[in-house]
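Asker: Got a structure for you, questions after.
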Amino acid sequence: MSIYWIYLLLGIIFEVLGTVCMKLADGFSKLWPSVLVFIFYGGCLVFLTLVFKKLEIGVTYAIWAGVGTALTAVIGFIWFHEPVSMVKIASILLIITGILGLELF
């Protein structure tokens with residue numbers, strides 16, 4: 001595995017953590033989650049910038065956005081007890097299918 005794929009994975013993780021912290025920050029009314037939003041998104045941008053040195057921008061961005069969206073939705077279902085429906089599950093599976101299609105073909 002190339003170091004750039006590891007950077008992409010870290011960028012996705014930081015983006016998801018930043019998004020979760022946005023929810024926890026409650027409109028920037030809670031200090032530490034608010035601070036973590038900026039730290040995690042800053043880290044995410046650093047890793048994405050490094051990834052773009054080597055990997056294709058379109059595919060990389062689609063993977064970053066798609067995987068981040070799917071993981072954030074799953075965290076919402078599990079951690080924040082957001083409602084789950086078959087349409088939401090099918091939509092997440094379509095996102096994952098699209099990412100695999102981009103990567104494989």
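Here, A, B, ... name the chains of the structure tokens in the order displayed, residue numbers run from 1 inside each chain, and ligands are numbered from 1 in the same displayed order.
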Hey, what's within 9 Å of A:Thr69 if we count only C-alpha atoms and toss same-chain stuff fewer than 6 positions away? As a count of residues only, please?
Answerer: 3
Asker: Might you pull out every residue within 12 Å of A:Ile6, with only C-alpha atoms counted and same-chain residues fewer than 3 positions away left off, and present them as a VMD selection string?
Answerer: chain A and resid 1 to 3 9 to 13 47 to 48 50 to 51 55 64
Asker: State, in Å with one decimal place, the distance from atom CA of A:Thr72 to atom CA of A:Leu17.
Answerer: 8.6 Å
Asker: So that I can check the secondary structure, give me every residue of stretch 10-60 of chain A assigned alpha helix (DSSP H) by backbone DSSP, as a ChimeraX atom specification.
Answerer: /A:10-25,31-51,57-60
Asker: At a cut-off of 10 Å, using only C-alpha atoms, what residues contact stretch 74-87 of chain A? Leave out same-chain residues fewer than 4 positions from it and give the result as number ranges by chain.
Answerer: A: 16, 20, 23-24, 68-70, 91-93
Asker: Between atom CA of A:Lys88 and atom CA of A:Val67, measure the distance and give it in Å to one decimal.
Answerer: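 Separating atom CA of A:Lys88 from atom CA of A:Val67 is a distance of 14.6 Å.
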Asker: Pick out the residues sitting within 10 Å of A:Val35, and hand them over as JSON, numbers by chain; count only C-alpha atoms, and ignore anything fewer than 3 positions along from it in its own chain.
Answerer: {"A": [18, 21, 22, 25, 28, 30, 31, 32, 38, 39, 40]}
Asker: For the selection you just gave me, I'd like the residues written to a file as a compact mmCIF listing (two decimals), in the first residue's frame, keeping N, CA and C atoms.
Answerer:
# COMPACT_ATOMS: atom_id res chain seq x y z
N GLY A 18 -13.96 15.34 12.59
CA GLY A 18 -14.33 16.75 12.59
C GLY A 18 -15.83 16.95 12.49
N CYS A 21 -17.44 16.04 15.75
CA CYS A 21 -17.22 17.13 16.71
C CYS A 21 -18.13 18.31 16.43
N MET A 22 -18.47 18.55 15.15
CA MET A 22 -19.44 19.61 14.84
C MET A 22 -20.76 19.33 15.54
N ALA A 25 -20.32 19.89 19.21
CA ALA A 25 -20.07 21.30 19.56
C ALA A 25 -21.36 22.08 19.80
N PHE A 28 -21.20 25.49 18.21
CA PHE A 28 -20.02 26.12 18.80
C PHE A 28 -20.28 26.63 20.22
N LYS A 30 -20.01 24.56 22.86
CA LYS A 30 -19.17 23.75 23.75
C LYS A 30 -17.72 23.88 23.29
N LEU A 31 -16.86 24.29 24.21
CA LEU A 31 -15.49 24.67 23.86
C LEU A 31 -14.69 23.56 23.20
N TRP A 32 -14.51 22.43 23.89
CA TRP A 32 -13.57 21.43 23.38
C TRP A 32 -14.01 20.78 22.08
N PHE A 38 -11.82 22.33 14.37
CA PHE A 38 -10.77 22.99 13.59
C PHE A 38 -9.49 22.15 13.52
N ILE A 39 -9.17 21.48 14.59
CA ILE A 39 -7.98 20.62 14.59
C ILE A 39 -8.16 19.47 13.60
N PHE A 40 -9.30 18.78 13.69
CA PHE A 40 -9.53 17.63 12.80
C PHE A 40 -9.66 18.05 11.34
Asker: Might you pull out every residue within 8 Å of A:Glu103, with only C-alpha atoms counted and same-chain residues fewer than 3 positions away left off, and present them as a ChimeraX atom specification?
Answerer: /A:59,99-100
Asker: Residues of the last selection are to be written out with C-alpha atoms, as a PDB file, in the first residue's frame.
Answerer:
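Wrote selection.pdb, looks like this:
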ATOM      1  CA  VAL A  59     -11.096   9.624  -7.865  1.00  0.00           C
ATOM      2  CA  ILE A  99     -16.546   4.254  -5.015  1.00  0.00           C
ATOM      3  CA  LEU A 100     -15.695   0.667  -5.928  1.00  0.00           C
TER       4      LEU A 100
END
Asker: A:Ile96, A:Leu8, A:Gly101, A:Asp26: which is nearest A:Cys44, counting only C-alpha atoms?
Answerer: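 Of A:Ile96, A:Leu8, A:Gly101, A:Asp26, the one nearest A:Cys44 is A:Leu8, counting only C-alpha atoms.
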Asker: So what do you get for atom CA of A:Leu45 versus atom CA of A:Ile63, distance-wise?
Answerer: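 Distance reported for this atom pair: 14.6 Å.
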